[in-house]
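Single-structure report; data block below.
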Amino acid sequence: MLPIVPRPVEATLLDGAPSVLTSQSRLVTGPSAEEVGAGVLLANLVGALIDRSISVARLDEEPPRPGDLVLRLDESAGPQGATSTERYTFDSRDGVVEIVAASVDGLVRGMATLGQLLEPVVGGYSIPAVRVVDAPRFAWRGLSLDVARHFFAVEDVKRVLQLMARLKLNVLHLHLTDDQGWRLEIPSRPELTRLGATTSVGGGPGGFFSVEDFAELQTFAHARGITVIPEIDLPGHTNAALHACPELNADGEPKPVYTGIEVGFSSLDASLPATERFLRDVLGDVAAMTRGPWVHLGGDEAHDTPPEDYAAIVRLAAEILREHGKVPVGWQEAAGVPGTAQVVQVWHTGIPLEPLAAAAASGVQVVMSPAEHAYLDMKYHEGFPLGLEWAGFVELRDSYEWEPTEVVPGLDPDAVVGVEAAVWTETLTTLDELTTMLLPRLTAVAEAAWSARERRDWDSYAERVRGLWPRWERLGFSWHPSPQVDWAGR
Ligand code: ACM
């Protein structure tokens, strides 16, 4: 079985010799300006896969020879009838690897397949003779990363983006603000990061992304076919803002910094004029800084917010985002305020789910992040040194065996646009700790997001994932050897 995770629509081992990428290999693109541009951009990614730089040539000038990698754009790529712009066809035959895709993002997905098929050999990397024809099930395949409880700097987030690209994920949701820290520079409100980013859970160091850092992350993500969605969590989870901006408190006094891990005690106050000014400044700046269509307004666990205040603030936040041309996203609680979030993210199946079906009936889209499957900050098992356990233990098989369209009873399956894993960082302080929670479980959630229902099967997955760990180690990612898989050669 070809070790490709997430499982493709079709993968066939062919007769014939493997292709070998070496220092002589060239990246040969189709002749259009778009293809040549994509080739130049993707040469970096290929170079990283094969540990050497690769020159770019044009197919109409230089016919491919064995050892070359051909990249072409063609609408007919991918499975018959597939409409996803990320569809691609991957062929390794007669010593030439060819990726044909309907878009540059499709080429990037094909390169992720290349990354999982190549094996080091003397002088280069070998790819078996294969044909892969592939397209995603869901358009939104994400990871939510909490950089508020503990801050993760640009270089760490880039490593997470590299890992995501290898699993064909296409949305990085950054949880940028919470009680413990405000992690994004807001030019109109410099005090938010000057005063609100100084510490983190446990009282350790803080940190934040400057406007330039955030732009750099989005550029890095974009080159990998990943959209960054910033989350400004409102109206709860706002202690860092209440600390930095005293006018957001009814008594005009700044709230003390918070370094614990309780939730649900902080709130914006809808009755204060300062609140609307704050929302207009912050969300206006965030919208201006955001390259993609979506901004997440939070909306979860506002236990200290009266319901009328909650509705007013979520409504205003959504309206401001729309005025700035952005699509508002919210946690599932926001579905209770009709006409606000256009995309809602399910995280807790213990909260009444009825508003979701009604929201979906009015055109709201739903992303699935059920904690008992997709919260990768839950401990793998009792006594695991990292993580929390409020949603139970989440072993690898729990992250694999679930069906996104069945999380919410009565929800129209067509309303489900995607799947997002989430990793909260109350207990995670280093990249090694973070990736120990992500690997291997992120591969399981990625398969729930990419692969068709009828192609998902634990035994097949366990057989394919077991060979991936040497790649993680080569890339320097720490991982947890879940006992549910017989890790090949370990
Ligand atoms: C959440 O975990 N509070 C969305």
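Residue numbering restarts at 1 in every chain; chains get A, B, ... in the order shown in the structure tokens, and ligands count up from 1 in that same order.
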Do you know which residues are within 7 Å of ligand 1 using only C-alpha atoms and all ligand atoms? Can you write them as a short mmCIF file (atom, residue, chain, number, x, y, z; two decimals) with C-alpha atoms, in the first residue's frame?
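Output (selection-v2.cif):
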```
data_model
loop_
_atom_site.label_atom_id
_atom_site.label_comp_id
_atom_site.auth_asym_id
_atom_site.auth_seq_id
_atom_site.Cartn_x
_atom_site.Cartn_y
_atom_site.Cartn_z
CA ASP A 300 -16.98 31.03 22.87
CA GLU A 301 -17.44 30.58 26.61
CA TRP A 331 -17.31 29.49 17.54
CA TRP A 347 -16.13 22.43 19.32
#
```
- Message: as a PyMOL selection string, please: the residues near stretch 397-410 of chain A (cut-off 10 Å, only C-alpha atoms, same-chain neighbours under 6 positions excluded).
- Response: chain A and resi 138+346-349+352-354+356-358+366-376+380+416-419+421+440-449+453+456-458+461-462+482+484-485
Give one line per residue of stretch 321-371 of chain A that approaches stretch 288-291 of chain A to at most 10 Å, naming the two atoms of the closest pair and their distance in Å to one decimal, counting only C-alpha atoms; sort by chain then ascending residue number and deliver it as JSON lines.
```
{"residue": "A:His324", "atom": "CA", "partner": "A:Ala288", "partner_atom": "CA", "distance": 7.7}
{"residue": "A:Gly325", "atom": "CA", "partner": "A:Ala288", "partner_atom": "CA", "distance": 9.4}
{"residue": "A:Lys326", "atom": "CA", "partner": "A:Thr290", "partner_atom": "CA", "distance": 8.9}
```
- Message: Need to verify the contact set: A:Leu272, 10 Å, only C-alpha atoms, exclusion of same-chain residues closer than 5 positions in sequence. Can you return it as a list in words?
- Response: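 These residues fall inside the cut-off: Glu247, Leu248, Asn249, Ala250 and Arg277 of chain A.
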- Item | Secondary structure check, strand (DSSP E or B) residues of stretch 187-422 of chain A, as JSON, numbers by chain | {"A": [199, 205, 209, 227, 228, 229, 230, 231, 232, 233, 234, 294, 295, 296, 297, 298, 327, 328, 329, 330, 331, 343, 344, 345, 346, 365, 366, 367, 368, 375, 378, 388, 416, 417, 418, 419, 420, 421, 422]}
- Long-range neighbours of A:Val133 as a PyMOL selection string, 12 Å cut-off, only C-alpha atoms, 5 positions minimum in chain: chain A and resi 7-13+76-82+86-92+98-101+106+109-110+113
- Task: Find the residues around A:Met437 up to 12 Å (only C-alpha atoms counted), leave out those fewer than 2 positions away in its own chain, and share them as a PyMOL selection string.
- Result: chain A and resi 145+160+374-381+384-388+394-396+399+421-425+427-435+439-443+477-482
- Message: What's around A:Arg137 at 7 Å? Count only C-alpha atoms, leave out sequence neighbours fewer than 6 positions away in its own chain, and write the answer as a PyMOL selection string.
- Response: chain A and resi 449-452
Using only C-alpha atoms, what does the table of stretch 222-319 of chain A residues within 9 Å of stretch 171-189 of chain A look like, with each row giving the shortest atom pair and its distance in Å to one decimal, sorted by chain and ascending number, as JSON lines?
```
{"residue": "A:Gly225", "atom": "CA", "partner": "A:Val171", "partner_atom": "CA", "distance": 8.6}
{"residue": "A:Ile226", "atom": "CA", "partner": "A:Val171", "partner_atom": "CA", "distance": 5.2}
{"residue": "A:Thr227", "atom": "CA", "partner": "A:Val171", "partner_atom": "CA", "distance": 4.9}
{"residue": "A:Val228", "atom": "CA", "partner": "A:Leu172", "partner_atom": "CA", "distance": 4.8}
{"residue": "A:Ile229", "atom": "CA", "partner": "A:His173", "partner_atom": "CA", "distance": 4.6}
{"residue": "A:Pro230", "atom": "CA", "partner": "A:Leu174", "partner_atom": "CA", "distance": 5.1}
{"residue": "A:Glu231", "atom": "CA", "partner": "A:His175", "partner_atom": "CA", "distance": 5.0}
{"residue": "A:Ile232", "atom": "CA", "partner": "A:Thr177", "partner_atom": "CA", "distance": 5.6}
{"residue": "A:Asp233", "atom": "CA", "partner": "A:Thr177", "partner_atom": "CA", "distance": 5.9}
{"residue": "A:Leu234", "atom": "CA", "partner": "A:Asp178", "partner_atom": "CA", "distance": 8.9}
{"residue": "A:Gly236", "atom": "CA", "partner": "A:Asp178", "partner_atom": "CA", "distance": 8.2}
{"residue": "A:His237", "atom": "CA", "partner": "A:Asp178", "partner_atom": "CA", "distance": 4.6}
{"residue": "A:Thr238", "atom": "CA", "partner": "A:Asp179", "partner_atom": "CA", "distance": 5.1}
{"residue": "A:Asn239", "atom": "CA", "partner": "A:Asp179", "partner_atom": "CA", "distance": 4.1}
{"residue": "A:Ala240", "atom": "CA", "partner": "A:Asp179", "partner_atom": "CA", "distance": 4.9}
{"residue": "A:Ala241", "atom": "CA", "partner": "A:Trp182", "partner_atom": "CA", "distance": 7.0}
{"residue": "A:Leu242", "atom": "CA", "partner": "A:Asp179", "partner_atom": "CA", "distance": 8.7}
{"residue": "A:Cys245", "atom": "CA", "partner": "A:Arg189", "partner_atom": "CA", "distance": 8.9}
{"residue": "A:Val257", "atom": "CA", "partner": "A:Gln180", "partner_atom": "CA", "distance": 7.0}
{"residue": "A:Tyr258", "atom": "CA", "partner": "A:Gln180", "partner_atom": "CA", "distance": 5.3}
{"residue": "A:Thr259", "atom": "CA", "partner": "A:Gln180", "partner_atom": "CA", "distance": 5.5}
{"residue": "A:Gly260", "atom": "CA", "partner": "A:Gln180", "partner_atom": "CA", "distance": 7.6}
{"residue": "A:Ile261", "atom": "CA", "partner": "A:Gln180", "partner_atom": "CA", "distance": 8.4}
{"residue": "A:Val263", "atom": "CA", "partner": "A:Asp179", "partner_atom": "CA", "distance": 8.0}
{"residue": "A:Phe265", "atom": "CA", "partner": "A:Asp179", "partner_atom": "CA", "distance": 8.9}
{"residue": "A:Ser266", "atom": "CA", "partner": "A:Asp179", "partner_atom": "CA", "distance": 7.3}
{"residue": "A:Phe278", "atom": "CA", "partner": "A:Arg189", "partner_atom": "CA", "distance": 8.4}
{"residue": "A:Asp281", "atom": "CA", "partner": "A:Ser188", "partner_atom": "CA", "distance": 6.2}
{"residue": "A:Val282", "atom": "CA", "partner": "A:Ile186", "partner_atom": "CA", "distance": 6.4}
{"residue": "A:Asp285", "atom": "CA", "partner": "A:Ile186", "partner_atom": "CA", "distance": 6.3}
{"residue": "A:Val286", "atom": "CA", "partner": "A:Ile186", "partner_atom": "CA", "distance": 7.2}
{"residue": "A:His296", "atom": "CA", "partner": "A:His173", "partner_atom": "CA", "distance": 8.2}
{"residue": "A:Gly298", "atom": "CA", "partner": "A:His175", "partner_atom": "CA", "distance": 8.6}
```
Could you take the residues named above and write them with N, CA and C atoms, as a compact mmCIF listing (two decimals), in the first residue's frame?
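Final file, selection_17.txt:
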```txt
# COMPACT_ATOMS: atom_id res chain seq x y z
N GLY A 225 -0.20 27.13 -0.12
CA GLY A 225 -1.64 26.92 -0.33
C GLY A 225 -2.44 26.96 0.95
N ILE A 226 -1.97 27.73 1.94
CA ILE A 226 -2.64 27.81 3.24
C ILE A 226 -3.09 29.25 3.50
N THR A 227 -4.35 29.40 3.91
CA THR A 227 -4.89 30.70 4.28
C THR A 227 -4.81 30.87 5.79
N VAL A 228 -4.36 32.01 6.25
CA VAL A 228 -4.30 32.29 7.69
C VAL A 228 -5.58 33.03 8.10
N ILE A 229 -6.23 32.55 9.15
CA ILE A 229 -7.42 33.22 9.71
C ILE A 229 -7.07 33.71 11.11
N PRO A 230 -7.03 35.04 11.30
CA PRO A 230 -6.77 35.54 12.65
C PRO A 230 -8.05 35.48 13.48
N GLU A 231 -7.91 35.09 14.74
CA GLU A 231 -9.05 35.13 15.66
C GLU A 231 -8.80 36.18 16.74
N ILE A 232 -9.75 37.11 16.85
CA ILE A 232 -9.79 38.05 17.97
C ILE A 232 -10.98 37.59 18.79
N ASP A 233 -10.73 36.97 19.94
CA ASP A 233 -11.81 36.33 20.69
C ASP A 233 -12.61 37.37 21.49
N LEU A 234 -13.93 37.41 21.23
CA LEU A 234 -14.86 38.38 21.82
C LEU A 234 -16.14 37.66 22.23
N GLY A 236 -15.90 37.35 25.52
CA GLY A 236 -15.15 36.76 26.63
C GLY A 236 -13.69 36.56 26.21
N HIS A 237 -12.93 35.90 27.07
CA HIS A 237 -11.51 35.64 26.78
C HIS A 237 -10.78 36.95 26.48
N THR A 238 -11.14 38.01 27.21
CA THR A 238 -10.62 39.35 26.86
C THR A 238 -9.83 40.01 28.00
N ASN A 239 -9.38 39.23 28.98
CA ASN A 239 -8.70 39.88 30.11
C ASN A 239 -7.46 40.67 29.67
N ALA A 240 -6.73 40.18 28.69
CA ALA A 240 -5.51 40.91 28.27
C ALA A 240 -5.89 42.30 27.74
N ALA A 241 -7.01 42.37 27.01
CA ALA A 241 -7.46 43.68 26.50
C ALA A 241 -7.96 44.55 27.66
N LEU A 242 -8.65 43.93 28.63
CA LEU A 242 -9.18 44.69 29.77
C LEU A 242 -8.05 45.20 30.66
N CYS A 245 -6.39 48.18 28.26
CA CYS A 245 -7.26 49.33 27.94
C CYS A 245 -8.25 49.54 29.09
N VAL A 257 -3.14 41.48 35.24
CA VAL A 257 -2.75 40.43 34.29
C VAL A 257 -3.20 39.09 34.86
N TYR A 258 -3.43 38.15 33.95
CA TYR A 258 -3.90 36.83 34.36
C TYR A 258 -2.99 35.77 33.78
N THR A 259 -2.51 34.87 34.61
CA THR A 259 -1.59 33.82 34.13
C THR A 259 -2.08 32.43 34.50
N GLY A 260 -3.34 32.32 34.94
CA GLY A 260 -3.91 31.00 35.25
C GLY A 260 -4.54 30.37 34.02
N ILE A 261 -5.32 29.30 34.23
CA ILE A 261 -5.94 28.65 33.07
C ILE A 261 -7.46 28.48 33.21
N VAL A 263 -11.35 29.71 32.58
CA VAL A 263 -11.98 30.40 31.44
C VAL A 263 -13.31 30.99 31.89
N PHE A 265 -14.35 34.19 32.71
CA PHE A 265 -14.51 35.21 33.76
C PHE A 265 -14.38 36.63 33.25
N SER A 266 -13.96 36.81 32.01
CA SER A 266 -13.71 38.16 31.50
C SER A 266 -14.74 38.51 30.43
N PHE A 278 -13.34 50.44 20.45
CA PHE A 278 -12.34 49.37 20.49
C PHE A 278 -12.57 48.37 19.36
N ASP A 281 -11.69 49.92 15.95
CA ASP A 281 -10.23 50.05 15.75
C ASP A 281 -9.59 48.68 15.50
N VAL A 282 -9.87 47.76 16.41
CA VAL A 282 -9.16 46.47 16.35
C VAL A 282 -9.57 45.69 15.10
N ASP A 285 -8.29 47.24 11.86
CA ASP A 285 -6.86 46.98 11.62
C ASP A 285 -6.64 45.51 11.25
N VAL A 286 -7.30 44.61 11.94
CA VAL A 286 -7.09 43.18 11.65
C VAL A 286 -7.55 42.87 10.23
N HIS A 296 -11.96 35.56 12.35
CA HIS A 296 -12.70 34.83 13.39
C HIS A 296 -12.95 35.76 14.57
N GLY A 298 -14.36 34.79 17.48
CA GLY A 298 -14.45 34.06 18.75
C GLY A 298 -15.89 33.77 19.11
```
- Got a sec to tell me which of stretch 89-224 of chain A DSSP assigns to helix (DSSP H, G or I), as a VMD selection string? chain A and resid 104 to 117 154 to 166 191 to 196 201 to 203 211 to 222
- Find the residues near stretch 39-42 of chain A: any atom within 8 Å, counting only C-alpha atoms, skip ones fewer than 4 places away on the same chain, and give them as a ChimeraX atom specification. /A:27-29,35,46,56,71,108,223
- Enter the distance from atom CA of A:Glu319 to atom CA of A:Leu297, in Å, rounded to one decimal.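 Computing it gives 11.0 Å between the two atoms.
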